[in-house]
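query.tsv (TSV, C-alpha atoms)
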chain	number	residue	atom	x	y	z
A	166	MET	CA	71.20	166.88	76.96
A	167	GLN	CA	71.44	165.83	73.30
A	168	THR	CA	69.34	167.55	70.66
A	169	LYS	CA	67.62	165.67	67.87
A	170	ASN	CA	69.01	166.15	64.41
A	171	PRO	CA	66.13	166.99	61.99
A	172	SER	CA	68.05	165.54	59.06
A	173	ASN	CA	68.49	162.20	60.84
A	174	ALA	CA	64.77	162.04	61.66
A	175	PHE	CA	63.88	162.76	58.04
A	176	PHE	CA	66.27	160.03	56.89
A	177	LEU	CA	64.73	157.50	59.32
A	178	VAL	CA	61.19	158.29	58.14
A	179	ALA	CA	62.30	157.93	54.53
A	180	VAL	CA	63.88	154.53	55.18
A	181	ILE	CA	60.75	153.26	56.94
A	182	GLY	CA	58.59	154.50	54.09
A	183	LEU	CA	60.83	152.74	51.57
A	184	LEU	CA	60.65	149.47	53.52
A	185	VAL	CA	56.86	149.67	53.74
A	186	TRP	CA	56.55	150.38	50.01
A	187	THR	CA	58.97	147.54	49.15
A	188	GLY	CA	57.11	145.08	51.41
A	189	LEU	CA	53.82	145.84	49.71
A	190	GLY	CA	55.41	145.35	46.33
A	191	VAL	CA	56.81	141.95	47.28
A	192	ARG	CA	53.47	140.88	48.73
A	193	SER	CA	51.62	141.80	45.54
A	194	ALA	CA	54.08	139.85	43.36
A	195	ALA	CA	53.91	136.77	45.58
A	196	VAL	CA	50.14	136.48	45.27
A	197	GLY	CA	50.36	135.85	41.54
A	198	THR	CA	47.79	136.29	38.83
A	199	PRO	CA	44.29	134.87	39.25
A	200	LEU	CA	42.79	132.54	36.67
A	201	SER	CA	40.26	135.25	35.87
A	202	GLN	CA	40.67	139.03	35.88
A	203	SER	CA	37.00	139.55	36.77
A	204	GLY	CA	35.77	141.47	39.79
A	205	ALA	CA	35.94	140.85	43.52
A	206	ALA	CA	35.41	137.41	45.00
A	207	VAL	CA	31.80	136.52	45.80
A	208	GLY	CA	32.46	133.01	47.13
A	209	SER	CA	34.77	130.03	46.84
A	210	ILE	CA	34.96	126.66	45.11
A	211	SER	CA	36.60	123.46	46.39
A	212	VAL	CA	37.50	120.63	44.01
A	213	SER	CA	39.78	117.61	43.78
A	214	GLY	CA	42.07	116.54	40.96
A	215	SER	CA	43.64	113.16	40.27
A	216	SER	CA	46.32	111.83	37.98
A	217	ALA	CA	47.76	108.40	37.22
A	218	ILE	CA	50.81	107.31	35.22
A	219	ARG	CA	51.43	103.69	34.33
A	220	VAL	CA	55.04	102.62	33.85
A	221	GLN	CA	56.80	99.30	33.50
A	222	PRO	CA	58.94	98.26	36.50
A	223	ASP	CA	62.71	98.34	36.22
A	224	ARG	CA	63.47	96.78	39.60
A	225	VAL	CA	62.09	93.90	41.64
A	226	VAL	CA	62.80	92.82	45.22
A	227	ILE	CA	62.31	89.11	45.99
A	228	LEU	CA	62.20	87.60	49.49
A	229	PHE	CA	63.21	83.94	49.60
A	230	GLY	CA	62.64	81.81	52.68
A	231	VAL	CA	65.14	79.08	53.60
A	232	GLN	CA	64.08	76.63	56.33
A	233	ALA	CA	65.91	73.75	57.99
A	234	PHE	CA	64.79	71.39	60.77
A	235	ALA	CA	67.15	69.52	63.11
A	236	PRO	CA	67.11	68.02	66.63
A	237	THR	CA	69.28	70.81	68.11
A	238	PRO	CA	69.51	74.57	67.55
A	239	GLY	CA	73.12	74.31	66.38
A	240	ALA	CA	72.36	71.62	63.85
A	241	ALA	CA	69.36	73.54	62.53
A	242	GLN	CA	71.42	76.70	62.17
A	243	ALA	CA	74.26	74.91	60.41
A	244	LEU	CA	71.93	73.22	57.92
A	245	ASP	CA	70.07	76.46	57.26
A	246	ALA	CA	73.36	78.31	56.72
A	247	GLN	CA	74.44	75.69	54.21
A	248	LEU	CA	71.20	76.00	52.24
A	249	SER	CA	71.31	79.80	52.41
A	250	GLN	CA	74.85	79.89	51.07
A	251	SER	CA	73.77	77.67	48.21
A	252	VAL	CA	70.99	80.14	47.34
A	253	VAL	CA	73.42	83.08	47.49
A	254	SER	CA	75.84	81.27	45.19
A	255	ALA	CA	73.02	80.59	42.75
A	256	MET	CA	72.20	84.30	42.69
A	257	ARG	CA	75.80	85.12	41.82
A	258	VAL	CA	75.68	82.62	38.95
A	259	GLN	CA	72.62	84.50	37.66
A	260	GLY	CA	74.62	87.74	37.65
A	261	VAL	CA	73.13	89.33	40.77
A	262	ALA	CA	75.67	91.62	42.44
A	263	ASN	CA	76.80	90.92	46.02
A	264	ARG	CA	75.35	94.24	47.20
A	265	ASP	CA	71.92	93.16	45.97
A	266	VAL	CA	71.76	90.01	48.15
A	267	ALA	CA	71.20	90.38	51.90
A	268	THR	CA	69.77	88.57	54.91
A	269	ALA	CA	66.46	90.22	55.82
A	270	ASN	CA	65.60	88.03	58.82
A	271	PHE	CA	66.83	85.00	60.76
A	272	SER	CA	65.18	82.97	63.50
A	273	ILE	CA	65.38	79.63	65.34
A	274	GLN	CA	62.24	78.34	66.98
A	275	PRO	CA	61.50	75.10	68.85
A	276	ARG	CA	58.91	72.68	67.54
A	277	TYR	CA	56.80	70.89	70.16
A	278	GLU	CA	55.29	67.43	70.19
A	279	ASP	CA	53.17	68.40	73.20
A	280	TYR	CA	52.87	72.05	74.19
A	281	ASP	CA	51.31	71.21	77.57
A	282	GLN	CA	54.17	68.92	78.50
A	283	ASN	CA	56.71	71.23	76.82
A	284	ILE	CA	58.14	68.34	74.80
A	285	ILE	CA	60.42	69.66	72.06
A	286	THR	CA	60.88	67.51	68.97
A	287	GLY	CA	63.45	69.75	67.27
A	288	TYR	CA	64.26	73.23	66.08
A	289	LEU	CA	63.32	75.10	62.92
A	290	ALA	CA	65.83	77.62	61.59
A	291	ARG	CA	64.59	80.13	59.05
A	292	ASN	CA	66.57	82.63	57.01
A	293	THR	CA	64.96	85.26	54.76
A	294	ILE	CA	67.14	86.35	51.84
A	295	ALA	CA	66.32	89.61	50.06
A	296	VAL	CA	67.38	89.80	46.42
A	297	THR	CA	67.19	93.06	44.47
A	298	LEU	CA	66.96	92.29	40.78
A	299	ARG	CA	67.80	95.18	38.45
A	300	ASP	CA	67.54	93.10	35.30
A	301	VAL	CA	63.80	92.49	35.58
A	302	PRO	CA	63.42	90.12	32.59
A	303	GLN	CA	65.59	87.61	34.51
A	304	LEU	CA	62.95	87.23	37.20
A	305	GLU	CA	61.72	83.78	36.22
A	306	LYS	CA	65.24	82.34	35.90
A	307	VAL	CA	66.22	83.76	39.29
A	308	LEU	CA	63.13	82.29	40.95
A	309	VAL	CA	63.81	78.84	39.55
A	310	ALA	CA	67.53	79.00	40.39
A	311	ALA	CA	66.87	79.97	44.01
A	312	LEU	CA	64.30	77.23	44.55
A	313	GLU	CA	66.55	74.60	42.99
A	314	ALA	CA	69.44	75.78	45.18
A	315	GLY	CA	67.55	75.27	48.44
A	316	ALA	CA	65.04	78.09	48.96
A	317	THR	CA	61.84	76.64	50.40
A	318	THR	CA	59.45	79.56	49.85
A	319	VAL	CA	59.04	82.73	47.79
A	320	ASP	CA	57.65	85.08	50.42
A	321	SER	CA	57.32	88.25	48.38
A	322	VAL	CA	57.89	89.68	44.92
A	323	GLU	CA	57.54	93.46	44.76
A	324	PHE	CA	58.00	95.51	41.59
A	325	SER	CA	59.16	99.13	41.68
A	326	VAL	CA	60.75	101.86	39.61
A	327	SER	CA	64.11	103.49	40.30
A	328	ASN	CA	63.05	107.00	39.21
A	329	LEU	CA	59.98	107.26	41.43
A	330	ARG	CA	60.66	110.85	42.63
A	331	PRO	CA	60.38	112.58	39.22
A	332	LEU	CA	57.34	110.46	38.44
A	333	ARG	CA	55.70	111.58	41.68
A	334	ASP	CA	56.45	115.22	40.88
A	335	ARG	CA	55.03	114.83	37.40
A	336	VAL	CA	51.83	113.10	38.48
A	337	ARG	CA	51.29	115.70	41.24
A	338	ASP	CA	51.57	118.55	38.72
A	339	GLN	CA	49.06	116.82	36.49
A	340	ALA	CA	46.66	116.42	39.41
A	341	VAL	CA	46.84	120.16	40.15
A	342	ARG	CA	46.13	121.00	36.50
A	343	ALA	CA	43.21	118.59	36.53
A	344	ALA	CA	41.78	120.32	39.60
A	345	LEU	CA	42.14	123.74	37.98
A	346	GLU	CA	40.40	122.51	34.83
A	347	LYS	CA	37.52	121.11	36.90
A	348	ALA	CA	37.17	124.34	38.91
A	349	THR	CA	37.11	126.45	35.74
A	350	ALA	CA	34.50	124.22	34.10
A	351	MET	CA	32.24	124.14	37.16
A	352	ALA	CA	32.48	127.90	37.68
A	353	GLY	CA	31.71	128.55	34.00
A	354	ALA	CA	28.62	126.35	34.17
A	355	ALA	CA	27.37	128.57	37.01
A	356	GLY	CA	28.12	131.77	35.10
A	357	MET	CA	31.15	132.61	37.23
A	358	SER	CA	34.94	132.63	36.98
A	359	VAL	CA	37.77	131.30	39.12
A	360	GLY	CA	39.96	133.85	40.90
A	361	TYR	CA	42.95	133.38	43.18
A	362	VAL	CA	43.77	129.86	44.40
A	363	THR	CA	43.68	130.06	48.20
A	364	ASN	CA	44.59	126.52	49.25
A	365	ILE	CA	46.11	123.33	47.77
A	366	ALA	CA	46.55	120.07	49.70
A	367	GLU	CA	47.82	116.67	48.63
A	368	ASP	CA	45.86	113.67	49.83
A	369	SER	CA	48.04	111.15	51.68
A	370	TRP	CA	47.36	107.88	49.87
A	371	GLY	CA	49.62	105.42	48.10
A	372	HIS	CA	51.73	106.72	45.23
A	373	TYR	CA	52.18	103.46	43.39
A	374	PHE	CA	51.60	99.76	43.48
A	375	GLY	CA	53.13	96.75	41.80
A	376	SER	CA	51.79	93.23	41.81
A	377	TRP	CA	53.18	89.72	41.44
A	378	TYR	CA	49.98	88.83	39.64
A	379	GLY	CA	50.75	90.99	36.62
A	380	ASN	CA	48.15	93.28	35.11
A	381	ARG	CA	45.73	95.13	37.32
A	382	GLN	CA	42.78	96.99	35.91
A	383	TRP	CA	42.96	100.72	36.56
A	384	THR	CA	39.48	102.18	36.65
A	385	ASN	CA	39.05	105.49	34.85
A	386	TYR	CA	36.95	108.03	36.65
A	387	GLN	CA	36.05	111.65	36.15
A	388	ASN	CA	38.89	114.15	36.06
A	389	VAL	CA	41.75	111.66	35.94
A	390	ILE	CA	44.63	112.47	33.60
A	391	GLN	CA	46.46	109.37	32.48
A	392	ASP	CA	49.79	109.26	30.69
A	393	LEU	CA	50.43	105.71	29.50
A	394	SER	CA	54.09	105.10	28.71
A	395	SER	CA	53.22	101.82	27.02
A	396	GLU	CA	50.23	99.62	26.46
A	397	GLY	CA	49.84	96.14	27.85
A	398	ALA	CA	52.18	94.14	30.02
A	399	LEU	CA	55.78	93.10	29.60
A	400	VAL	CA	55.81	89.34	29.07
A	401	LEU	CA	59.07	87.54	29.68
A	402	GLU	CA	60.45	85.81	26.60
A	403	ASP	CA	59.74	82.07	26.69
A	404	GLY	CA	58.27	82.58	30.15
A	405	THR	CA	54.97	82.60	31.95
A	406	ILE	CA	55.23	85.68	34.17
A	407	SER	CA	53.52	88.91	33.14
A	408	LEU	CA	55.02	91.86	35.00
A	409	GLY	CA	52.20	94.29	34.33
A	410	GLN	CA	52.61	97.97	35.07
A	411	ILE	CA	53.11	100.09	38.15
A	412	VAL	CA	50.61	102.89	38.72
A	413	VAL	CA	52.06	106.14	40.08
A	414	GLN	CA	49.15	108.23	41.25
A	415	ALA	CA	48.32	111.44	43.11
A	416	GLN	CA	45.25	113.32	44.27
A	417	VAL	CA	45.04	116.94	45.41
A	418	SER	CA	42.33	119.15	46.89
A	419	LEU	CA	42.12	122.76	45.74
A	420	THR	CA	40.15	125.81	46.90
A	421	ALA	CA	39.85	129.01	44.88
A	422	GLU	CA	37.86	132.23	44.86
A	423	LEU	CA	34.73	132.61	42.74
A	424	THR	CA	34.17	135.86	40.86
A	425	ARG	CA	31.37	137.23	38.67
A	426	GLU	CA	32.00	137.10	34.93

What does this structure look like when you write it as structure tokens?
Amino acid sequence: MQTKNPSNAFFLVAVIGLLVWTGLGVRSAAVGTPLSQSGAAVGSISVSGSSAIRVQPDRVVILFGVQAFAPTPGAAQALDAQLSQSVVSAMRVQGVANRDVATANFSIQPRYEDYDQNIITGYLARNTIAVTLRDVPQLEKVLVAALEAGATTVDSVEFSVSNLRPLRDRVRDQAVRAALEKATAMAGAAGMSVGYVTNIAEDSWGHYFGSWYGNRQWTNYQNVIQDLSSEGALVLEDGTISLGQIVVQAQVSLTAELTRE
């Protein structure tokens, strides 16, 4: 039979005590400092905070439709391919890189003279060409060039920004600060203070929008922080298209403790 070593037992108890003391210390540091150093919590407050940043787009994606009709599927496809190649060549003349031109969709569908009798009059081939334009002020010239080269429709024009991630982080931080400011003001009006923040959640709604139709009115409402990088819209020189601005936005919900002042 083995006997217990008193020194080993003392060492084990000491290690456990050190771990417990260290764990409590880490827990206290992780909680952070409350907004107010007042007494114990007597309730809670839940608020929302919003933020919006308007920036000018630096990238635009255009979807061109190219259609061709012919008596047979092969003839329709060949004619559509010819028109599509003409559009692609026109994009290269405008300085659009090969990597920024791609086929987004292709289809061949029959056209009927009489659906009940299943009488086919021909076939419609359709190719959708996606063009990513990084030189945004060239938008109008690119649109005209594509249509003159054989594109039959402009299906979509969507503006965006290349540095969306840092903008999202920035607007989210501003939304949190806005929520904290609102909570502090509301608590002060009730003769109380804000303690520890107990919960923060980001609402899942769109982060930005861009519009072919140029300027959109952004309605100001209570507790929105706006950082406007520039005023007004970017108007293309000698052109008619107003690009407007993209709105990067965020909204958060925040809950914090209420304490007596």

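Coordinates place atom CA of A:Met351 at a distance of 21.3 Å from atom CA of A:Ala415.
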
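From atom CA of A:Val231 back to atom CA of A:Thr317, the distance works out to 5.2 Å.
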
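Between atom CA of A:Leu228 and atom CA of A:Val258 there is a distance of 17.8 Å.
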
Give me the residues near stretch 289-298 of chain A as a ChimeraX atom specification, where near means some atom within 8 Å (using all atoms listed in the file) and where sequence neighbours in that chain fewer than 6 positions away do not count. /A:224-235,238,241-242,245,249,261,265-276,304

Using all atoms listed in the file, which of A:Gly260, A:Ser209, A:Tyr277, A:Leu248 sits nearest A:Pro236? A:Tyr277

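Closest approach to A:Asn364 among A:Ala311, A:Val220, A:Ile210, A:Val413: A:Ile210, based on all atoms listed in the file.
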
Please list as a PyMOL selection string every residue within 6 Å of A:Leu423, counting only C-alpha atoms and excluding residues in the same chain fewer than 2 positions away. chain A and resi 206-209+358-360

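Excluding A:Ala310 itself and any same-chain residue fewer than 6 positions from it, the protein and nucleic acid residues within 10 Å of it, counting all atoms listed in the file, are Val252, Ser254, Ala255, Met256, Val258, Gln259, Leu304 and Ala316 of chain A.
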
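Using all atoms listed in the file, the shortest contact distance between A:Ala262 and any of A:Arg299, A:Ala246, A:Arg333, A:Gln414 is found at A:Arg299.
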
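Residues surrounding A:Val212 within 10 Å are Ala343, Ala344, Leu345, Glu346, Lys347, Ala348, Met351, Ile365, Val417, Ser418, Leu419, Thr420 and Ala421 of chain A [all atoms listed in the file; sequence separation below 5 positions excluded].
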
Residue with smallest distance to A:Ser213 - pool A:Gln339, A:Tyr361, A:Thr424, A:Ser321, counting only C-alpha atoms: A:Gln339
